[in-house]
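A short write-up of the structure that comes next.
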Amino acid sequence: MDLFFLARRFVAGVDVESAIRVVRGLNEKGLHATLDLLGENVRDREQAEKAVEAYAALLEQIATAGIDSDISVKLTQLGLDIGEQFCEENMERLLSRAAECRNFVWIDMEGSAYTQRTLDLFFRLFRTHPHVGVAIQAYLYRSEEDARHLAEVGARVRVCKGAYKEPKTIAYRRMRDIRRNFLRLAEILFERGSDPAIATHDERLIEAIRHMTTERGITPDRFEFQMLYGIRPRLQERLVHQGYRVRVYVPFGTHWFPYFSRRLRERKENIWFVVKNLFEWSRT
Ligand SMILES: Cc1cc2nc3c(=O)[nH]c(=O)nc-3n(C[C@H](O)[C@H](O)[C@H](O)COP(=O)(O)OP(=O)(O)OC[C@H]3O[C@@H](n4cnc5c(N)ncnc54)[C@H](O)[C@@H]3O)c2cc1C
């Protein structure tokens, strides 16, 4: 039973051709992209190596197609669960290829079991590869300290709220605390970091960032907004028309289920959308 039709709103397609087509369409609207070949928690060496090869090929396909897109990766797709050394070697290979293609690699931040290892690996890679950036999550108490360290070395950082289920011993639960911390992290990165990415669809936060940057004389070329494919597309285009750089995170591939279920969890309306579609599908 192929349930991909349910994920289609959030996932560009199962193959690279569909993803490139989607990115081309976004580029035509003035939007930049970051392509994510879906996959995570890979426990098999061969599978992790295949993911590296697929990403390396993707970098070349981006160049050949002449589309405007960088890439986003998850370290557990590239072998972090198998071994840190193994994952680092995989990232080294990928970053060398990205340098040859003059492209940029974002490292997504996964659940808190991986935060420290992700940042440790990031700092090691960043010493020799300036074209790598990393995400931090505003719901984690620790992120303020992490933002300071990342800003000190001049790393590019993506700030997001955080999409995993975390205990209250380590993470804010109330939206107003998460928003407050999000803005605190953005402030740190605007003060000392370089070219941060503000990854949210939350209009309150977007408005606050616009206000913060205007007040401090930070011009729109010194940061970017990032949003997910299929979420608030009109807001994405509106920001472009207002002169902001907007990058859309475009996931594709056959391993879409974990990503899709995180998107479902974020909004209960999405669950109804799924139930309704399943019901209609069962009647056809
Ligand atoms: C570019 C990008 C990269 C990301 N990378 C990571 C990462 O590396 N690690 C990580 O943990 N998280 C990541 N996230 C996810 C992020 O942490 C949040 O879970 C997600 O963005 C929802 O939070 P929000 O800030 O948009 O605010 P919300 O308050 O959740 O949403 C604001 C508005 O956006 C719309 N919206 C948001 N989510 C949905 C949805 N699922 N379906 C429909 N409408 C929706 C609604 O209109 C909602 O009112 C990323 C997000 C973006 C945009």
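Going through the structure tokens in order, the chains are called A, B, and so on, while each chain numbers its residues from 1 and the ligands are numbered from 1 in the order shown.
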message: What residues of the protein or nucleic acid chains come within 7 Å of ligand 1 when you use only C-alpha atoms and all ligand atoms? Reply as a PyMOL selection string.
response: chain A and resi 107-111+135-137+160-164+199-203+226-228+231-232+248-249+263-267+270
Residue list (strand (DSSP E), DSSP) for region 4-175 of chain A, as number ranges by chain: A: 32-37, 69-73, 105-107, 132-137, 156-160
Length of the CA of Phe252 (chain A) to CA of Thr64 (chain A) vector [Å]: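 CA of Phe252 (chain A) sits 18.4 Å away from CA of Thr64 (chain A).
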field: Residue nearest Glu92 (chain A) - candidates A:Thr34, A:Thr219, A:Asn41, A:Thr128, atoms counted: only C-alpha atoms
entry: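 Answer, going by the shortest atom-to-atom distance: A:Thr128.
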query: From the list A:Arg192, A:Arg180, A:Arg247, A:Arg156, which residue is nearest Ser69 (chain A) when using only C-alpha atoms?
result: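 Looking only at the distances to Ser69 (chain A), the closest residue turns out to be A:Arg247.
Pairwise distance (CA of Ala51 (chain A), CA of Phe126 (chain A)) equals 21.0 Å.
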Env of Asp81 (chain A): 7 Å cut, atoms = only C-alpha atoms, seq-sep filter 2 positions within chain, self excluded. Answer as a PDB file with C-alpha atoms, in the first residue's frame.
```
ATOM      1  CA  ASN A  41      18.984   6.509  12.260  1.00  0.00           C
ATOM      2  CA  VAL A  42      20.819   4.350   9.768  1.00  0.00           C
ATOM      3  CA  ARG A  43      22.419   1.375  11.528  1.00  0.00           C
ATOM      4  CA  THR A  76      22.407   9.699  11.883  1.00  0.00           C
ATOM      5  CA  GLY A  79      26.422   6.825  10.321  1.00  0.00           C
ATOM      6  CA  GLY A  83      30.466   5.382  15.051  1.00  0.00           C
TER       7      GLY A  83
END
```
List every residue of region 40-61 of chain A that has an atom at most 12 Å from any atom of region 13-20 of chain A, giving for each one its closest atom pair and the distance in Å to one decimal, counting only C-alpha atoms, sorted by chain and then by ascending residue number, as JSON lines.
```
{"residue": "A:Ala54", "atom": "CA", "partner": "A:Val16", "partner_atom": "CA", "distance": 9.7}
{"residue": "A:Tyr55", "atom": "CA", "partner": "A:Val16", "partner_atom": "CA", "distance": 10.4}
{"residue": "A:Ala57", "atom": "CA", "partner": "A:Val16", "partner_atom": "CA", "distance": 10.0}
{"residue": "A:Leu58", "atom": "CA", "partner": "A:Val16", "partner_atom": "CA", "distance": 7.7}
{"residue": "A:Leu59", "atom": "CA", "partner": "A:Val16", "partner_atom": "CA", "distance": 11.1}
{"residue": "A:Glu60", "atom": "CA", "partner": "A:Val16", "partner_atom": "CA", "distance": 11.7}
{"residue": "A:Gln61", "atom": "CA", "partner": "A:Ile20", "partner_atom": "CA", "distance": 8.5}
```
Next, the residues of the selection above should be written as a short mmCIF file (atom, residue, chain, number, x, y, z; two decimals), in the first residue's frame with N, CA and C atoms.
```cif
data_model
loop_
_atom_site.label_atom_id
_atom_site.label_comp_id
_atom_site.auth_asym_id
_atom_site.auth_seq_id
_atom_site.Cartn_x
_atom_site.Cartn_y
_atom_site.Cartn_z
N ALA A 54 24.82 9.17 -2.53
CA ALA A 54 23.63 9.81 -3.11
C ALA A 54 23.69 11.33 -2.93
N TYR A 55 24.19 11.77 -1.75
CA TYR A 55 24.32 13.21 -1.52
C TYR A 55 25.39 13.82 -2.43
N ALA A 57 26.24 12.73 -5.35
CA ALA A 57 25.64 12.80 -6.69
C ALA A 57 24.67 13.98 -6.75
N LEU A 58 23.94 14.18 -5.65
CA LEU A 58 22.97 15.28 -5.61
C LEU A 58 23.67 16.64 -5.81
N LEU A 59 24.84 16.79 -5.18
CA LEU A 59 25.57 18.06 -5.34
C LEU A 59 25.90 18.30 -6.80
N GLU A 60 26.26 17.22 -7.49
CA GLU A 60 26.56 17.38 -8.92
C GLU A 60 25.30 17.65 -9.74
N GLN A 61 24.21 16.97 -9.34
CA GLN A 61 22.95 17.19 -10.07
C GLN A 61 22.48 18.64 -9.90
#
```
message: Using only C-alpha atoms, can you tell me which of A:Glu215, A:Glu187, A:Asp221, A:Glu40 comes closest to Trp256 (chain A)?
response: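 Between A:Glu215, A:Glu187, A:Asp221, A:Glu40, the residue approaching Trp256 (chain A) most closely is A:Glu40.
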- request: Write down as number ranges by chain the residues belonging to region 69-266 of chain A that are assigned alpha helix (DSSP H) by DSSP computed on the backbone.
  value: A: 84-100, 115-128, 143-153, 175-192, 203-215, 233-241, 257-266
task: Would you mind telling me which residue in A:Val23, A:Ala171, A:Ile218, A:Leu125 lies nearest to Ala65 (chain A) when using only C-alpha atoms?
output: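 Smallest separation from Ala65 (chain A) among the options: A:Val23.
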message: Which residues are near Arg127 (chain A)? Cut-off 12 Å, only C-alpha atoms, ignore same chain within fewer than 4 positions. Put them as a VMD selection string.
response: chain A and resid 92 120 to 123 131 to 133 150 153 to 155
query: If you count only C-alpha atoms, which residues fall within 7 Å of Tyr244 (chain A), apart from same-chain ones fewer than 3 positions away, as a PyMOL selection string?
result: chain A and resi 220+224+239-240
task: Could you tell me how far CA of Leu119 (chain A) lies from CA of Cys101 (chain A), in Å and to one decimal?
output: 24.4 Å
- request: Give me the residues within 12 Å of Gly193 (chain A) as a list in words, counting only C-alpha atoms and dropping any in the same chain fewer than 3 places off.
  value: Gly133, Asp146, Ala147, Arg148, His149, Leu150, Ala151, Glu152, Val153, Gly154, Ala155, Arg156, Val157, Arg158, Val159, Leu185, Ala186, Glu187, Ile188, Leu189, Phe190, Pro196, Ala197, Arg222 and Phe223 of chain A
Could those residues be written to a file, using C-alpha atoms, as a PDB file, in the first residue's frame?
```
ATOM      1  CA  GLY A 133      26.485  25.169   9.104  1.00  0.00           C
ATOM      2  CA  ASP A 146      25.890  26.637  22.216  1.00  0.00           C
ATOM      3  CA  ALA A 147      24.896  29.751  20.247  1.00  0.00           C
ATOM      4  CA  ARG A 148      27.668  31.709  21.984  1.00  0.00           C
ATOM      5  CA  HIS A 149      30.313  29.121  21.116  1.00  0.00           C
ATOM      6  CA  LEU A 150      29.115  28.886  17.531  1.00  0.00           C
ATOM      7  CA  ALA A 151      29.025  32.676  17.173  1.00  0.00           C
ATOM      8  CA  GLU A 152      32.574  32.938  18.581  1.00  0.00           C
ATOM      9  CA  VAL A 153      34.006  30.796  15.794  1.00  0.00           C
ATOM     10  CA  GLY A 154      31.906  32.564  13.140  1.00  0.00           C
ATOM     11  CA  ALA A 155      29.851  29.516  12.192  1.00  0.00           C
ATOM     12  CA  ARG A 156      26.643  29.789  10.218  1.00  0.00           C
ATOM     13  CA  VAL A 157      23.765  28.687  12.421  1.00  0.00           C
ATOM     14  CA  ARG A 158      20.142  27.844  11.727  1.00  0.00           C
ATOM     15  CA  VAL A 159      17.844  28.636  14.656  1.00  0.00           C
ATOM     16  CA  LEU A 185      19.546  32.997  20.245  1.00  0.00           C
ATOM     17  CA  ALA A 186      18.889  35.181  17.206  1.00  0.00           C
ATOM     18  CA  GLU A 187      20.170  38.196  19.136  1.00  0.00           C
ATOM     19  CA  ILE A 188      23.431  36.398  20.008  1.00  0.00           C
ATOM     20  CA  LEU A 189      23.923  35.334  16.410  1.00  0.00           C
ATOM     21  CA  PHE A 190      23.149  38.782  15.020  1.00  0.00           C
ATOM     22  CA  PRO A 196      22.281  33.233  10.533  1.00  0.00           C
ATOM     23  CA  ALA A 197      19.218  31.394   9.288  1.00  0.00           C
ATOM     24  CA  ARG A 222      23.091  39.502   6.397  1.00  0.00           C
ATOM     25  CA  PHE A 223      20.641  36.728   7.282  1.00  0.00           C
TER      26      PHE A 223
END
```
Pick out the residues sitting within 10 Å of Arg9 (chain A), and hand them over as a PDB file with C-alpha atoms, in the first residue's frame; count only C-alpha atoms, and ignore anything fewer than 5 positions along from it in its own chain.
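Written output follows (result.pdb):
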```pdb
ATOM      1  CA  PHE A   4       3.053   8.600  -0.269  1.00  0.00           C
ATOM      2  CA  TYR A 229       8.342  22.971   1.760  1.00  0.00           C
ATOM      3  CA  GLY A 230       4.546  22.969   1.806  1.00  0.00           C
ATOM      4  CA  ILE A 231       4.187  25.197   4.883  1.00  0.00           C
ATOM      5  CA  PHE A 260       6.119  13.276   7.833  1.00  0.00           C
TER       6      PHE A 260
END
```
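With distances restricted to only C-alpha atoms, A:Phe225 is the closest residue to Val246 (chain A) from A:Phe225, A:Phe86, A:Trp106, A:Tyr141.
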